[in-house]
$ cat final.cif   # mmCIF, C-alpha atoms and all ligand atoms
data_entry
loop_
_atom_site.label_atom_id
_atom_site.label_comp_id
_atom_site.auth_asym_id
_atom_site.auth_seq_id
_atom_site.Cartn_x
_atom_site.Cartn_y
_atom_site.Cartn_z
CA MET V 1 59.23 149.71 9.93
CA LEU V 2 60.64 153.17 10.59
CA ALA V 3 57.11 154.45 11.10
CA VAL V 4 56.45 152.17 14.08
CA LEU V 5 59.69 152.64 16.00
CA ASP V 6 58.76 155.59 18.23
CA THR V 7 55.41 154.09 19.21
CA TRP V 8 56.83 150.64 19.83
CA TRP V 9 59.73 152.01 21.91
CA GLY V 10 57.31 154.25 23.87
CA GLY V 11 59.27 157.37 22.93
CA LEU V 12 62.25 156.10 24.96
CA LYS V 13 64.94 158.83 25.36
CA GLY V 14 62.81 161.46 23.57
CA LYS V 15 63.95 163.12 20.36
CA ALA V 16 67.52 161.87 20.71
CA GLY V 17 66.23 158.30 21.10
CA SER V 18 64.02 158.70 18.05
CA THR V 19 66.98 159.79 15.91
CA GLU V 20 69.18 156.98 17.28
CA ARG V 21 66.55 154.35 16.42
CA ALA V 22 65.86 155.66 12.92
CA LEU V 23 69.59 155.59 12.15
CA LEU V 24 69.72 151.91 13.13
CA LEU V 25 67.76 150.90 10.03
CA PRO V 26 69.36 152.32 6.90
CA ARG V 27 68.32 150.70 3.63
CA LEU V 28 71.38 148.45 3.54
CA TYR V 29 69.73 146.15 6.09
CA PHE V 30 66.88 145.56 3.63
CA GLN V 31 69.32 144.96 0.80
CA HIS V 32 72.02 142.80 2.34
CA PHE V 33 70.63 141.12 5.49
CA THR V 34 67.17 139.92 4.49
CA THR V 35 68.12 136.23 4.51
CA THR V 36 69.06 136.41 8.21
CA SER V 37 66.20 138.69 9.32
CA PHE V 38 62.52 138.11 10.02
CA LEU V 39 59.40 140.20 9.50
CA VAL V 40 55.98 139.29 10.95
CA GLU V 41 52.99 140.92 9.27
CA ARG V 42 49.30 141.03 10.09
CA ASP V 43 46.84 139.84 7.42
CA SER V 44 46.41 143.54 6.57
CA GLY V 45 50.11 143.78 5.74
CA GLU V 46 50.89 145.96 8.77
CA VAL V 47 54.14 145.21 10.58
CA ALA V 48 53.58 143.12 13.72
CA ALA V 49 57.18 142.30 14.68
CA PHE V 50 60.68 142.16 13.26
CA LEU V 51 64.16 140.87 14.00
CA VAL V 52 67.11 142.19 12.00
CA GLY V 53 70.17 140.00 12.40
CA PHE V 54 73.21 138.70 10.59
CA LEU V 55 76.03 136.17 10.73
CA SER V 56 79.21 137.93 11.83
CA PRO V 57 81.61 138.13 8.85
CA THR V 58 84.47 138.67 11.33
CA LEU V 59 83.71 136.10 14.02
CA PRO V 60 82.93 132.72 12.39
CA ASP V 61 81.32 131.35 15.57
CA THR V 62 79.02 134.33 16.18
CA ALA V 63 75.69 135.69 14.99
CA TYR V 64 74.38 139.14 15.86
CA VAL V 65 70.87 140.47 16.56
CA HIS V 66 70.95 144.09 15.46
CA PHE V 67 67.40 145.22 16.15
CA VAL V 68 64.18 143.61 17.34
CA GLY V 69 60.70 144.90 18.01
CA VAL V 70 57.19 143.58 18.68
CA ASP V 71 53.97 145.61 18.40
CA PRO V 72 53.06 146.58 22.01
CA ALA V 73 49.55 145.21 21.41
CA LEU V 74 51.17 141.78 21.02
CA HIS V 75 53.68 141.88 23.87
CA GLY V 76 53.82 138.96 26.26
CA HIS V 77 52.58 136.36 23.75
CA GLY V 78 55.94 134.80 23.00
CA ILE V 79 56.52 136.54 19.65
CA GLY V 80 59.88 137.98 20.70
CA ARG V 81 61.00 134.57 21.96
CA THR V 82 59.78 132.89 18.74
CA LEU V 83 61.75 135.36 16.61
CA TYR V 84 64.90 134.75 18.65
CA ARG V 85 64.46 130.99 18.49
CA ALA V 86 64.10 131.19 14.72
CA PHE V 87 67.31 133.21 14.62
CA PHE V 88 69.09 130.79 16.96
CA GLY V 89 68.14 127.92 14.64
CA LEU V 90 69.40 129.81 11.62
CA ALA V 91 72.64 130.70 13.42
CA GLN V 92 73.23 127.09 14.47
CA SER V 93 72.55 125.83 10.96
CA HIS V 94 75.47 128.06 9.89
CA GLY V 95 77.74 126.72 12.62
CA ARG V 96 77.39 129.74 14.91
CA ARG V 97 77.69 129.10 18.65
CA TYR V 98 77.34 132.58 20.15
CA VAL V 99 74.66 135.23 19.73
CA HIS V 100 75.51 138.83 20.58
CA CYS V 101 73.34 141.92 20.87
CA ILE V 102 73.20 145.20 22.77
CA THR V 103 70.63 147.51 24.30
CA SER V 104 70.42 150.89 26.01
CA PRO V 105 70.83 150.95 29.79
CA GLU V 106 67.48 152.81 29.91
CA ASN V 107 65.66 149.92 28.20
CA ALA V 108 64.68 147.85 31.23
CA ALA V 109 62.16 145.78 29.25
CA SER V 110 64.82 144.72 26.77
CA GLN V 111 67.19 143.76 29.59
CA ALA V 112 64.48 141.68 31.32
CA PHE V 113 63.57 139.99 28.03
CA HIS V 114 67.16 139.08 27.16
CA ALA V 115 67.83 137.83 30.69
CA ARG V 116 64.74 135.62 30.44
CA LEU V 117 66.05 134.15 27.20
CA GLY V 118 69.30 133.23 28.91
CA PHE V 119 71.59 136.01 27.70
CA GLU V 120 74.41 137.13 29.97
CA ALA V 121 74.56 140.90 30.34
CA SER V 122 77.68 143.02 30.70
CA ALA V 123 77.94 145.98 33.02
CA VAL V 124 76.92 149.25 31.39
CA GLN V 125 79.67 150.14 28.93
CA PRO V 126 80.10 153.93 28.74
CA ASP V 127 80.35 155.47 25.25
CA TYR V 128 80.11 151.98 23.68
CA ASP V 129 78.52 153.34 20.47
CA GLY V 130 80.06 156.82 20.62
CA PRO V 131 80.05 159.78 23.01
CA GLY V 132 77.08 159.53 25.38
CA LEU V 133 75.80 156.31 23.77
CA ASP V 134 76.19 153.84 26.64
CA ARG V 135 75.16 150.23 26.06
CA VAL V 136 74.66 146.90 27.83
CA ALA V 137 76.09 144.00 25.78
CA PHE V 138 74.47 140.54 25.80
CA THR V 139 75.94 137.16 24.93
CA LEU V 140 74.26 133.77 24.65
CA ASP V 141 76.16 130.51 24.24
CA LEU V 142 73.82 128.27 22.24
CA CYS V 143 75.78 125.18 23.26
CA ALA V 144 75.48 125.98 26.96
CA ASP V 145 71.74 126.58 26.87
CA PRO V 146 69.76 123.66 25.35
CA ALA V 147 66.52 125.53 26.12
CA ALA V 148 67.55 128.11 23.56
CA THR V 149 67.40 125.71 20.65
CA PRO V 150 64.16 125.82 18.65
C1 LIG V 201 61.54 143.28 24.29
C2 LIG V 201 60.43 142.72 23.37
C3 LIG V 201 61.04 142.42 22.00
C4 LIG V 201 59.85 141.46 23.98
O1 LIG V 201 58.90 140.88 23.06
P1 LIG V 201 57.65 140.00 23.57
O2 LIG V 201 57.07 139.34 22.38
O3 LIG V 201 56.75 140.82 24.39
O4 LIG V 201 58.39 138.95 24.51
P2 LIG V 201 57.92 137.43 24.83
O5 LIG V 201 56.44 137.44 25.04
O6 LIG V 201 58.46 136.52 23.79
O7 LIG V 201 58.64 137.18 26.22
C5 LIG V 201 59.71 136.25 26.41
C6 LIG V 201 60.07 136.27 27.88
O8 LIG V 201 60.58 137.56 28.25
C7 LIG V 201 59.81 138.09 29.31
N1 LIG V 201 59.62 139.54 29.09
C8 LIG V 201 59.29 140.13 27.94
N2 LIG V 201 59.13 141.48 28.14
C9 LIG V 201 59.37 141.67 29.46
C10 LIG V 201 59.33 142.83 30.30
N3 LIG V 201 59.02 144.05 29.80
N4 LIG V 201 59.63 142.69 31.60
C11 LIG V 201 59.94 141.47 32.13
N5 LIG V 201 59.96 140.33 31.39
C12 LIG V 201 59.67 140.44 30.07
C13 LIG V 201 58.47 137.39 29.24
O9 LIG V 201 57.83 137.38 30.50
C14 LIG V 201 58.86 136.02 28.77
O10 LIG V 201 59.30 135.24 29.86
P3 LIG V 201 58.55 133.87 30.31
O11 LIG V 201 59.57 132.81 30.07
O12 LIG V 201 58.28 134.10 31.74
O13 LIG V 201 57.34 133.69 29.48
C15 LIG V 201 59.26 143.75 23.25
O14 LIG V 201 58.89 144.15 24.54
C16 LIG V 201 59.59 145.01 22.44
O15 LIG V 201 59.48 145.01 21.22
N6 LIG V 201 59.94 146.12 23.12
C17 LIG V 201 60.18 147.40 22.47
C18 LIG V 201 61.38 147.33 21.57
C19 LIG V 201 62.66 146.92 22.28
O16 LIG V 201 62.95 147.38 23.39
N7 LIG V 201 63.45 146.04 21.62
C20 LIG V 201 64.65 145.45 22.21
C21 LIG V 201 65.84 146.34 22.16
S1 LIG V 201 66.48 146.61 20.53
#
$ encode --input "final.cif" --output "structure tokens"
Amino acid sequence: MLAVLDTWWGGLKGKAGSTERALLLPRLYFQHFTTTSFLVERDSGEVAAFLVGFLSPTLPDTAYVHFVGVDPALHGHGIGRTLYRAFFGLAQSHGRRYVHCITSPENAASQAFHARLGFEASAVQPDYDGPGLDRVAFTLDLCADPAATP
């Protein structure tokens, strides 16, 4: 998965962006969050899409999408939406009402995608993830949006 990040993100934010993305997927996600994450592979075994998510241990009504990506060759075919719907179903089956996630202000595609899925976006939050790491935060209320259910 690490090998596809720069290509799939189109080199967004250059070298700094590349480092930021790689640090988002330490091994612990593949050890402790596999039952709430999804991987889509081609017949060849190559990665086609992924969604890394978890049920918030702190907020009992909330699930969190940590990282999502779809091979650019497959964009616009509903794979991102299908992954989210699968995660929404999983979240609901564990009694979770809200889904949270974040993105970079520079990632216009991600903001358009999340808006289309019904997420509400915050204003840009300066230094959200540390100095210089601004973020937009998204929230979806699964009870308020019947279209979001699988
Ligand atoms: C964002 C991303 C996951 C979307 O995946 P996708 O499979 O292409 O999205 P879908 O085909 O399921 O699209 C779902 C809806 O979002 C809309 N959408 C998706 N990408 C969009 C874009 N770049 N601009 C505007 N709308 C977009 C689609 O038009 C669709 O709306 P519809 O109801 O009109 O059909 C994909 O573009 C991606 O992997 N981007 C690079 C990685 C990234 O930025 N990840 C998110 C931040 S961590």
$ atom_distance --input "final.cif" --atom1 "CA of Leu28 (chain V)" --atom2 "CA of Leu142 (chain V)"
27.6 Å
$ residues_near_ligand --input "final.cif" --ligand "ligand LIG 201 (chain V)" --cutoff "10 Å" --atoms "only C-alpha atoms and all ligand atoms" --output "ChimeraX atom specification"
/V:5-10,12,21,24,48-52,65-85,101-104,106-118
$ atom_distance --input "final.cif" --atom1 "CA of Ser37 (chain V)" --atom2 "CA of Thr19 (chain V)"
22.1 Å
$ atom_distance --input "final.cif" --atom1 "CA of Ala16 (chain V)" --atom2 "CA of Arg135 (chain V)"
14.9 Å
$ residues_around --input "final.cif" --residues "Pro57 (chain V)" --least-positions-apart "4" --cutoff "12 Å" --atoms "all atoms listed in the file" --output "list of chain:residue names"
V:Phe33, V:Asp61, V:Thr62, V:Ala63, V:Tyr64, V:His94, V:Arg96
$ write_last_selection --input "final.cif" --atoms "C-alpha atoms" --output "PDB file, in the coordinates of the input"
ATOM      1  CA  PHE V  33      70.630 141.120   5.490  1.00  0.00           C
ATOM      2  CA  ASP V  61      81.320 131.350  15.570  1.00  0.00           C
ATOM      3  CA  THR V  62      79.020 134.330  16.180  1.00  0.00           C
ATOM      4  CA  ALA V  63      75.690 135.690  14.990  1.00  0.00           C
ATOM      5  CA  TYR V  64      74.380 139.140  15.860  1.00  0.00           C
ATOM      6  CA  HIS V  94      75.470 128.060   9.890  1.00  0.00           C
ATOM      7  CA  ARG V  96      77.390 129.740  14.910  1.00  0.00           C
TER       8      ARG V  96
END
